[in-house]
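Quick look at my_file19.txt (compact mmCIF, C-alpha atoms):
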```txt
# COMPACT_ATOMS: atom_id res chain seq x y z
CA MET O 1 101.06 81.73 78.04
CA ALA O 2 100.63 84.82 75.85
CA THR O 3 97.01 85.10 76.95
CA GLY O 4 98.10 84.89 80.56
CA LEU O 5 100.65 87.62 80.08
CA ILE O 6 98.09 89.87 78.41
CA LEU O 7 95.60 89.31 81.22
CA ALA O 8 98.30 89.98 83.81
CA SER O 9 99.09 93.24 82.04
CA CYS O 10 95.45 94.30 82.09
CA THR O 11 95.13 94.13 85.87
CA LYS O 12 95.70 97.29 87.80
CA TYR O 13 97.42 95.66 90.79
CA PRO O 14 100.56 93.60 90.42
CA PRO O 15 100.25 89.98 91.65
CA SER O 16 99.92 89.75 95.43
CA SER O 17 102.78 87.25 95.53
CA GLU O 18 104.98 90.04 94.25
CA ARG O 19 103.86 92.82 96.56
CA LEU O 20 102.58 91.30 99.83
CA LEU O 21 105.75 90.07 101.42
CA GLU O 22 105.16 88.69 104.87
CA ASP O 23 107.07 90.66 107.42
CA LEU O 24 106.45 92.89 110.37
CA ALA O 25 104.36 95.94 109.65
CA ILE O 26 104.20 98.73 112.23
CA TYR O 27 101.37 101.23 112.01
CA THR O 28 100.92 104.12 114.44
CA LYS O 29 98.64 107.09 114.62
CA TYR O 30 98.31 109.89 117.15
CA ASP O 31 96.01 112.79 117.88
CA VAL O 32 97.80 115.75 116.29
CA SER O 33 95.73 118.20 118.36
CA VAL O 34 97.21 116.98 121.64
CA ASP O 35 100.41 118.10 123.34
CA PHE O 36 101.89 114.87 124.70
CA THR O 37 104.18 116.74 127.09
CA LYS O 38 101.20 117.55 129.29
CA PHE O 39 100.94 113.92 130.41
CA LYS O 40 103.14 112.79 133.28
CA THR O 41 101.97 109.37 134.43
CA TYR O 42 100.62 106.24 132.82
CA PHE O 43 99.05 102.99 133.90
CA MET O 44 99.69 99.69 132.14
CA SER O 45 98.58 96.29 133.36
CA ASP O 46 101.20 93.56 133.73
CA SER O 47 98.84 91.30 131.79
CA ILE O 48 97.64 91.86 128.25
CA VAL O 49 94.33 91.18 126.59
CA TYR O 50 94.48 88.10 124.39
CA VAL O 51 91.98 87.61 121.57
CA SER O 52 91.70 84.61 119.28
CA ASP O 53 88.91 82.90 117.42
CA LYS O 54 88.77 80.25 120.15
CA ASP O 55 89.27 82.02 123.44
CA SER O 56 89.94 85.45 124.83
CA GLY O 57 91.00 86.86 128.16
CA TRP O 58 93.76 88.41 130.18
CA TYR O 59 97.07 86.70 129.69
CA TYR O 60 100.44 86.73 131.40
CA ASN O 61 103.65 84.76 130.90
CA ALA O 62 107.36 85.45 130.43
CA ASP O 63 106.87 86.69 126.85
CA VAL O 64 104.17 89.07 128.00
CA ALA O 65 106.46 90.33 130.76
CA SER O 66 109.19 90.95 128.18
CA LEU O 67 106.73 92.76 125.93
CA THR O 68 105.32 95.05 128.61
CA GLN O 69 108.80 95.76 129.96
CA ARG O 70 109.88 96.94 126.51
CA ILE O 71 106.83 99.17 126.28
CA ALA O 72 107.57 100.51 129.76
CA ASP O 73 111.17 101.23 128.74
CA ASN O 74 109.94 103.28 125.81
CA MET O 75 107.44 105.16 127.95
CA HIS O 76 110.23 105.91 130.41
CA LYS O 77 112.36 107.34 127.57
CA LEU O 78 109.49 109.66 126.72
CA GLY O 79 109.54 110.93 130.28
CA TYR O 80 106.38 109.23 131.54
CA THR O 81 106.25 107.70 134.99
CA ARG O 82 104.49 104.39 135.46
CA THR O 83 101.87 104.30 138.15
CA TYR O 84 99.74 101.47 139.46
CA ASN O 85 96.91 103.75 140.49
CA ALA O 86 94.53 103.51 137.56
CA LYS O 87 92.23 106.19 138.94
CA THR O 88 94.76 109.01 139.15
CA THR O 89 96.91 108.22 136.12
CA ASP O 90 97.05 110.64 133.17
CA LEU O 91 97.23 107.91 130.56
CA TYR O 92 96.00 104.35 130.38
CA LEU O 93 98.07 102.20 128.04
CA GLY O 94 96.08 99.19 126.90
CA VAL O 95 97.97 96.35 125.26
CA SER O 96 96.37 93.42 123.52
CA PHE O 97 97.37 90.56 121.30
CA VAL O 98 95.15 89.30 118.51
CA LYS O 99 95.85 85.88 117.04
CA ASN O 100 94.98 84.75 113.57
CA ILE O 101 91.42 85.94 113.22
CA ASN O 102 89.68 88.43 111.05
CA VAL O 103 90.32 91.28 113.40
CA SER O 104 88.58 93.80 111.18
CA VAL O 105 85.41 92.37 112.71
CA TYR O 106 86.64 93.11 116.19
CA TYR O 107 88.93 96.08 115.96
CA PRO O 108 88.63 98.99 116.63
CA GLY O 109 85.13 98.28 117.86
CA TRP O 110 85.47 94.85 119.36
CA TYR O 111 86.05 95.93 122.92
CA TRP O 112 83.12 98.33 123.00
CA GLY O 113 80.42 95.74 122.83
CA TYR O 114 82.40 92.69 123.82
CA TRP O 115 84.90 93.25 126.60
CA GLY O 116 87.92 95.39 126.97
CA TYR O 117 90.98 96.60 128.67
CA TYR O 118 89.14 97.36 131.88
CA PRO O 119 85.72 97.00 133.50
CA PRO O 120 83.39 99.18 131.40
CA ASP O 121 82.28 101.28 134.32
CA TYR O 122 85.73 101.90 135.73
CA TRP O 123 85.93 105.47 134.42
CA GLY O 124 82.27 106.04 134.04
CA GLY O 125 81.22 103.43 131.52
CA GLY O 126 81.17 105.61 128.44
CA GLY O 127 83.69 103.54 126.52
CA TYR O 128 86.41 104.92 124.26
CA TYR O 129 86.49 106.97 121.14
CA TYR O 130 89.11 108.04 118.65
CA PRO O 131 89.34 111.76 117.90
CA TYR O 132 90.87 110.68 114.59
CA TYR O 133 90.49 107.74 112.26
CA PRO O 134 92.55 105.06 114.00
CA ALA O 135 95.07 102.57 112.76
CA TYR O 136 93.14 99.45 111.95
CA ILE O 137 93.49 96.12 110.27
CA THR O 138 91.78 95.31 107.04
CA THR O 139 92.67 91.72 106.36
CA TYR O 140 93.30 88.45 108.07
CA SER O 141 96.37 88.78 110.15
CA THR O 142 98.80 86.23 111.43
CA GLY O 143 99.18 87.92 114.79
CA THR O 144 99.00 91.46 115.96
CA ILE O 145 99.98 93.50 118.99
CA LEU O 146 97.69 96.47 119.58
CA MET O 147 98.45 99.41 121.82
CA ASP O 148 96.03 102.20 122.74
CA MET O 149 96.99 105.20 124.83
CA MET O 150 93.90 106.67 126.50
CA ASP O 151 93.57 110.14 127.99
CA VAL O 152 91.56 109.00 131.01
CA GLN O 153 91.46 112.34 132.84
CA HIS O 154 89.71 114.12 129.98
CA PRO O 155 86.53 112.22 129.15
CA THR O 156 83.96 113.79 126.92
CA ALA O 157 80.62 115.08 128.21
CA ASP O 158 79.12 111.65 127.54
CA ASN O 159 81.96 109.94 129.42
CA LYS O 160 83.88 108.64 126.43
CA ILE O 161 87.64 108.30 126.90
CA PRO O 162 89.68 109.73 123.99
CA VAL O 163 92.43 107.53 122.58
CA ARG O 164 95.41 109.81 121.88
CA TRP O 165 97.70 107.23 120.28
CA ASN O 166 97.23 103.80 118.86
CA ALA O 167 99.57 101.33 117.26
CA TYR O 168 99.66 97.86 115.90
CA ILE O 169 102.47 95.53 115.00
CA ARG O 170 101.34 92.90 112.55
CA GLY O 171 102.72 89.60 111.42
CA LEU O 172 104.01 88.13 114.64
CA LEU O 173 103.03 84.50 114.39
CA THR O 174 104.73 83.49 111.20
CA GLY O 175 107.45 81.73 113.15
CA ASP O 176 110.10 83.83 111.49
CA HIS O 177 110.21 86.63 114.02
CA THR O 178 112.46 86.57 117.03
CA THR O 179 111.78 88.22 120.37
CA ALA O 180 114.46 90.76 119.45
CA GLN O 181 112.61 91.65 116.24
CA ILE O 182 109.35 92.11 118.13
CA GLN O 183 111.08 94.31 120.68
CA GLN O 184 112.65 96.35 117.89
CA SER O 185 109.20 96.74 116.37
CA ILE O 186 107.87 98.11 119.65
CA ASP O 187 110.77 100.56 119.71
CA LYS O 188 109.95 101.53 116.14
CA ALA O 189 106.29 102.14 116.98
CA PHE O 190 107.37 104.71 119.55
CA ASP O 191 110.20 106.15 117.45
CA GLN O 192 108.06 106.79 114.38
CA THR O 193 105.47 108.80 116.34
CA LYS O 194 106.45 112.38 115.69
CA GLY O 195 104.05 113.81 118.27
CA PHE O 196 105.76 112.25 121.28
CA PRO O 197 107.89 114.44 123.57
CA GLY O 198 111.36 115.03 122.17
CA HIS O 199 110.52 113.67 118.69
CA MET Q 200 114.33 115.69 74.64
CA LYS Q 201 116.32 117.06 71.67
CA LYS Q 202 118.64 114.06 71.74
CA ILE Q 203 115.69 111.73 71.63
CA LEU Q 204 114.09 113.57 68.70
CA PHE Q 205 117.38 113.54 66.77
CA SER Q 206 117.74 109.82 67.46
CA ILE Q 207 114.23 109.19 66.18
CA ILE Q 208 114.87 111.21 63.00
CA GLY Q 209 118.18 109.39 62.48
CA LEU Q 210 116.49 106.02 62.74
CA VAL Q 211 113.86 107.03 60.22
CA LEU Q 212 116.43 108.27 57.73
CA ALA Q 213 118.48 105.09 58.09
CA THR Q 214 115.39 103.02 57.45
CA LEU Q 215 114.59 105.12 54.38
CA VAL Q 216 118.04 104.55 52.91
CA ILE Q 217 117.73 100.81 53.40
CA GLN Q 218 114.25 100.88 51.91
CA ALA Q 219 115.39 102.86 48.89
CA GLN Q 220 117.81 100.08 48.01
CA ASP Q 221 115.06 97.49 48.29
CA LYS Q 222 112.41 96.42 45.78
CA PRO Q 223 110.95 98.10 42.66
CA ALA Q 224 108.45 100.87 43.39
CA SER Q 225 105.69 99.16 41.45
CA LEU Q 226 105.21 96.33 43.96
CA GLY Q 227 102.92 96.50 46.97
CA PHE Q 228 99.94 98.66 47.89
CA THR Q 229 99.12 101.66 49.98
CA PRO Q 230 96.62 100.63 52.68
CA SER Q 231 93.50 102.62 53.38
CA SER Q 232 93.94 101.93 57.06
CA TYR Q 233 95.49 99.57 59.57
CA TYR Q 234 94.87 98.47 63.12
CA THR Q 235 97.52 97.42 65.58
CA PHE Q 236 97.70 95.44 68.80
CA SER Q 237 101.08 95.77 70.42
CA TRP Q 238 103.00 94.63 73.41
CA ASN Q 239 104.44 97.61 75.24
CA THR Q 240 107.53 97.90 77.40
CA THR Q 241 107.95 101.08 79.41
CA PHE Q 242 111.23 102.63 80.52
CA THR Q 243 110.64 105.40 83.05
CA MET Q 244 112.75 108.56 82.94
CA GLY Q 245 113.63 111.45 85.28
CA ASP Q 246 111.46 111.78 88.38
CA PHE Q 247 109.32 108.90 87.18
CA ASN Q 248 112.43 106.72 87.18
CA LYS Q 249 113.12 107.71 90.79
CA TRP Q 250 109.62 106.56 91.68
CA VAL Q 251 109.88 103.24 89.82
CA GLY Q 252 113.23 102.41 88.27
CA ASN Q 253 112.31 99.07 86.72
CA ALA Q 254 111.49 98.73 83.04
CA SER Q 255 108.09 97.14 82.73
CA PRO Q 256 106.69 94.84 80.02
CA ALA Q 257 103.22 95.05 81.59
CA GLY Q 258 101.37 96.98 78.96
CA PHE Q 259 99.69 96.84 75.60
CA ASP Q 260 98.44 99.19 72.99
CA LEU Q 261 95.48 99.25 70.62
CA GLY Q 262 95.80 101.59 67.66
CA GLY Q 263 94.11 102.56 64.43
CA ARG Q 264 95.53 104.56 61.52
CA TYR Q 265 93.66 105.97 58.49
CA PHE Q 266 95.45 107.20 55.37
CA ILE Q 267 94.29 110.71 54.52
CA ASN Q 268 96.53 111.83 51.72
CA GLY Q 269 99.55 109.96 50.38
CA GLY Q 270 101.57 108.83 53.36
CA LEU Q 271 99.76 111.09 55.82
CA VAL Q 272 97.70 109.23 58.39
CA ALA Q 273 95.53 110.12 61.36
CA GLY Q 274 94.38 107.78 64.07
CA PHE Q 275 94.24 106.90 67.73
CA ASN Q 276 95.95 104.92 70.44
CA ILE Q 277 94.54 103.49 73.66
CA MET Q 278 96.94 101.84 76.04
CA TRP Q 279 97.22 100.04 79.35
CA GLN Q 280 100.49 100.28 81.19
CA ARG Q 281 101.82 99.47 84.61
CA VAL Q 282 105.23 100.04 86.14
CA SER Q 283 106.12 98.67 89.56
CA GLN Q 284 108.95 98.10 91.96
CA SER Q 285 109.42 96.71 95.44
CA TYR Q 286 111.46 98.70 97.93
CA GLY Q 287 112.85 97.75 101.29
CA TYR Q 288 111.68 98.29 104.82
CA GLN Q 289 110.77 101.99 105.02
CA THR Q 290 108.61 104.30 107.08
CA TRP Q 291 105.88 106.28 105.39
CA TYR Q 292 104.58 109.36 107.22
CA GLY Q 293 101.12 110.72 106.57
CA GLU Q 294 99.86 114.21 107.28
CA ASP Q 295 97.42 113.27 110.06
CA GLY Q 296 99.83 111.77 112.55
CA ASP Q 297 100.02 108.33 111.03
CA ALA Q 298 103.14 106.38 110.14
CA ILE Q 299 103.64 102.92 108.68
CA THR Q 300 106.85 100.92 108.63
CA ALA Q 301 107.00 97.87 106.37
CA THR Q 302 108.20 96.75 102.96
CA ASN Q 303 107.17 99.41 100.45
CA TYR Q 304 105.88 98.60 97.01
CA ARG Q 305 105.28 101.30 94.43
CA PHE Q 306 103.38 101.09 91.20
CA THR Q 307 101.73 103.37 88.68
CA TRP Q 308 98.86 102.23 86.51
CA MET Q 309 98.26 104.23 83.35
CA VAL Q 310 95.52 104.42 80.75
CA PRO Q 311 96.80 106.69 77.96
CA PHE Q 312 94.58 107.80 75.11
CA GLN Q 313 95.86 109.85 72.21
CA GLY Q 314 95.02 111.14 68.80
CA VAL Q 315 97.88 110.50 66.40
CA VAL Q 316 99.13 112.12 63.22
CA ALA Q 317 101.90 110.30 61.36
CA TYR Q 318 103.64 110.27 58.02
CA HIS Q 319 104.60 107.07 56.19
CA PHE Q 320 107.47 107.78 53.84
CA ILE Q 321 106.87 104.82 51.51
CA PRO Q 322 103.43 103.49 52.42
CA ASP Q 323 103.21 100.99 49.55
CA LYS Q 324 106.34 99.09 50.50
CA MET Q 325 106.68 95.99 52.65
CA VAL Q 326 108.65 97.95 55.18
CA SER Q 327 106.95 101.29 55.70
CA PRO Q 328 108.72 103.55 58.19
CA TYR Q 329 106.96 106.49 59.73
CA ILE Q 330 107.27 109.34 62.16
CA GLY Q 331 104.31 110.50 64.19
CA LEU Q 332 103.09 112.60 67.04
CA GLY Q 333 100.52 111.57 69.62
CA ILE Q 334 98.58 114.22 71.51
CA GLY Q 335 96.20 113.32 74.28
CA GLY Q 336 96.02 112.48 77.93
CA ASP Q 337 96.42 109.83 80.56
CA TYR Q 338 94.56 108.58 83.56
CA MET Q 339 97.17 107.57 86.11
CA GLU Q 340 97.00 106.02 89.57
CA HIS Q 341 100.13 106.20 91.68
CA HIS Q 342 100.06 103.64 94.49
CA LEU Q 343 102.25 103.14 97.51
CA LEU Q 344 101.50 99.74 99.01
CA VAL Q 345 102.73 99.15 102.52
CA GLN Q 346 101.61 95.60 103.12
CA GLU Q 347 97.80 95.76 103.12
CA TYR Q 348 97.76 99.55 103.14
CA ASP Q 349 97.15 101.18 99.81
CA ILE Q 350 98.00 104.89 99.71
CA TYR Q 351 97.33 106.36 96.32
CA LYS Q 352 96.68 109.44 94.21
CA THR Q 353 94.87 109.60 90.90
CA ARG Q 354 95.62 112.15 88.19
CA TRP Q 355 94.59 113.07 84.68
CA ASP Q 356 97.13 114.73 82.44
CA PHE Q 357 98.03 116.10 79.03
CA SER Q 358 100.65 114.22 77.05
CA LEU Q 359 102.79 114.49 73.92
CA THR Q 360 104.41 111.48 72.28
CA PRO Q 361 106.77 111.77 69.29
CA GLU Q 362 107.20 108.33 67.78
CA VAL Q 363 109.22 106.57 65.15
CA GLY Q 364 108.32 103.16 63.83
CA ALA Q 365 107.68 100.91 60.91
CA LEU Q 366 104.77 98.91 59.58
CA VAL Q 367 106.14 95.67 58.13
CA LYS Q 368 103.85 93.66 55.86
CA PHE Q 369 104.31 89.91 56.05
CA GLY Q 370 104.16 89.77 52.25
CA THR Q 371 104.04 92.28 49.43
CA PHE Q 372 100.26 92.05 49.27
CA SER Q 373 99.63 90.68 52.76
CA SER Q 374 96.80 91.98 54.94
CA TRP Q 375 98.80 91.16 58.03
CA GLY Q 376 101.96 92.70 59.28
CA ALA Q 377 104.02 93.70 62.26
CA LEU Q 378 104.42 97.01 63.98
CA VAL Q 379 107.64 98.07 65.67
CA ALA Q 380 107.70 101.52 67.25
CA PHE Q 381 109.64 103.50 69.75
CA ASN Q 382 108.42 106.67 71.39
CA TYR Q 383 109.23 109.27 73.96
CA LYS Q 384 106.35 110.45 76.10
CA TRP Q 385 106.11 113.70 78.03
CA THR Q 386 103.19 114.30 80.35
CA THR Q 387 101.96 116.91 82.79
CA ASN Q 388 101.37 114.16 85.33
CA LYS Q 389 103.10 114.19 88.70
CA ILE Q 390 103.48 112.11 91.82
CA GLU Q 391 102.84 113.73 95.17
CA PHE Q 392 102.73 111.81 98.40
CA ILE Q 393 102.72 114.16 101.33
CA ASN Q 394 106.10 114.45 103.10
CA ASN Q 395 107.47 111.69 100.96
CA TRP Q 396 107.47 112.49 97.29
CA ALA Q 397 107.17 115.34 94.83
CA SER Q 398 107.72 115.23 91.09
CA LYS Q 399 106.50 116.84 87.91
CA ASN Q 400 106.21 116.15 84.18
CA LEU Q 401 106.50 112.40 84.24
CA GLN Q 402 108.38 111.09 81.22
CA MET Q 403 109.03 107.68 79.76
CA LEU Q 404 110.19 105.75 76.72
CA ASN Q 405 108.03 103.03 75.21
CA LEU Q 406 108.93 100.17 72.93
CA LYS Q 407 105.99 98.66 71.07
CA VAL Q 408 106.02 95.40 69.14
CA GLY Q 409 102.81 94.00 67.77
CA LEU Q 410 100.57 92.73 65.04
CA ALA Q 411 98.85 94.84 62.39
CA LEU Q 412 95.71 94.17 60.40
CA ILE Q 413 96.12 96.04 57.12
CA ILE Q 414 93.05 97.15 55.18
CA ARG Q 415 93.36 97.82 51.44
```
Would you write the structure of this file as structure tokens?
Amino acid sequence: MATGLILASCTKYPPSSERLLEDLAIYTKYDVSVDFTKFKTYFMSDSIVYVSDKDSGWYYNADVASLTQRIADNMHKLGYTRTYNAKTTDLYLGVSFVKNINVSVYYPGWYWGYWGYYPPDYWGGGGYYYPYYPAYITTYSTGTILMDMMDVQHPTADNKIPVRWNAYIRGLLTGDHTTAQIQQSIDKAFDQTKGFPGH
Amino acid sequence: MKKILFSIIGLVLATLVIQAQDKPASLGFTPSSYYTFSWNTTFTMGDFNKWVGNASPAGFDLGGRYFINGGLVAGFNIMWQRVSQSYGYQTWYGEDGDAITATNYRFTWMVPFQGVVAYHFIPDKMVSPYIGLGIGGDYMEHHLLVQEYDIYKTRWDFSLTPEVGALVKFGTFSSWGALVAFNYKWTTNKIEFINNWASKNLQMLNLKVGLALIIR
């Protein structure tokens, strides 16, 4: 026992059982060089992208409708108007759900070479890029909602679409989280972003 | 700090009085040196205590002392220490537009190293109290863990550690003994997490209890 205590004392990090409590984690990041008041409209699909180690694709059900409605409510509070014209919108809000896989393999790059929020050539085929180092996931996750806000009217010279805001909400499939908690987490993702209009 | 120093001096004097009523002066031996391996419990103070309020038994100390003249000794200490505490659901804001909300866990990992000068009042006795001063530095890592995110700063510092303690031989002529010591440590180290934390001159109290190998 004494040896164990000595060894435990030698380690830099405390035991993971002590410090990695499983709960919802909300991580957001935005492009600090951008004025978010300049955007007026956004496009968001009613379906979300679903990624798991077994199958992937567009997905829609009542839970998805609840999720996208909550996101739309938050966008409305920020003063953005939802549009269903993806070609004229200022912002494209991509939403995806990743289930129980090592997403660090896939995200943030998984949709570039694999498949993504939209047909690759929709806005010119250049793909996306982050003007900053994005929020990302480093370990196996039990379930994650990802949101990317793309500035589709300002592509780079090589047709890359800049992502102005991205967020993820992790730890959603533990069985302990209610729909209300998930919705509160979406609210929190918007609330904690200081660059948004009125924040 | 004055209160702590007075407390240390008071403890030493009390120990001396008890020792003076003890055994004849002819018994025992003055070591040439001794080496200690001690369990260390840290009690953070001031700004450090606001960072991590929990006392921590996660630490140990390796020391060596060499008698120079009478009860005067010089030596070294190398330590490993860690203090940690879990906090509730909080939002951490970075400087580049990022923010994380989750359970926060803070810890500081320390590797102190000091040269020590001490004076043993009655070095030949079974119970040999001393006062000492450690001068040296620390390597510290201050970590904020937000789930799998590890936000941290590393710092080197200068430190001063007045200490009071006693070397207790297991027998009058034993080569083994115990070390009990208590010290106050002042450092130039600080914790700075942008928008979230600012502190200076981290301070702590340490209680050491350990074994000593005594060389004649």
Exercise for the section: Compute the chain Q side of the contact with chain O at 12 Å, counting all atoms listed in the file, and hand it back as a PyMOL selection string. Expected result: chain Q and resi 236-240+255-260+278-310+339-349
Exercise for the section: Taking the point (95.2, 105.1, 48.0) as given in the file, collect each protein or nucleic acid residue that comes within 10 Å of it, counting only C-alpha atoms, and present the set as a count of residues only. Expected result: 13
Fill in the blank from the handout: Between atom CA of Q:Asp337 and atom CA of Q:Leu378 lies a distance of 22.4 Å
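For the pair atom CA of Q:Ala411 and atom CA of Q:Leu366, the separation is 7.7 Å.
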Near stretch 351-364 of chain Q, counting only C-alpha atoms, which residues have an atom at most 9 Å away, once you skip same-chain residues fewer than 6 positions from it, shown as a short mmCIF file (atom, residue, chain, number, x, y, z; two decimals) with C-alpha atoms, in the coordinates of the input?
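Final output, saved to out_29.cif:
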```cif
data_model
loop_
_atom_site.label_atom_id
_atom_site.label_comp_id
_atom_site.auth_asym_id
_atom_site.auth_seq_id
_atom_site.Cartn_x
_atom_site.Cartn_y
_atom_site.Cartn_z
CA LEU Q 204 114.09 113.57 68.70
CA ILE Q 207 114.23 109.19 66.18
CA ILE Q 208 114.87 111.21 63.00
CA LEU Q 210 116.49 106.02 62.74
CA VAL Q 211 113.86 107.03 60.22
CA PRO Q 311 96.80 106.69 77.96
CA GLN Q 313 95.86 109.85 72.21
CA VAL Q 315 97.88 110.50 66.40
CA ALA Q 317 101.90 110.30 61.36
CA SER Q 327 106.95 101.29 55.70
CA PRO Q 328 108.72 103.55 58.19
CA TYR Q 329 106.96 106.49 59.73
CA ILE Q 330 107.27 109.34 62.16
CA GLY Q 331 104.31 110.50 64.19
CA LEU Q 332 103.09 112.60 67.04
CA GLY Q 333 100.52 111.57 69.62
CA ILE Q 334 98.58 114.22 71.51
CA GLY Q 335 96.20 113.32 74.28
CA GLY Q 336 96.02 112.48 77.93
CA ASP Q 337 96.42 109.83 80.56
CA TYR Q 338 94.56 108.58 83.56
CA MET Q 339 97.17 107.57 86.11
CA GLU Q 340 97.00 106.02 89.57
CA HIS Q 341 100.13 106.20 91.68
CA HIS Q 342 100.06 103.64 94.49
CA LEU Q 343 102.25 103.14 97.51
CA LEU Q 344 101.50 99.74 99.01
CA LEU Q 378 104.42 97.01 63.98
CA VAL Q 379 107.64 98.07 65.67
CA ALA Q 380 107.70 101.52 67.25
CA PHE Q 381 109.64 103.50 69.75
CA ASN Q 382 108.42 106.67 71.39
CA TYR Q 383 109.23 109.27 73.96
CA LYS Q 384 106.35 110.45 76.10
CA TRP Q 385 106.11 113.70 78.03
CA THR Q 386 103.19 114.30 80.35
CA THR Q 387 101.96 116.91 82.79
CA ASN Q 388 101.37 114.16 85.33
CA LYS Q 389 103.10 114.19 88.70
CA ILE Q 390 103.48 112.11 91.82
CA GLU Q 391 102.84 113.73 95.17
CA PHE Q 392 102.73 111.81 98.40
CA LYS Q 407 105.99 98.66 71.07
#
```
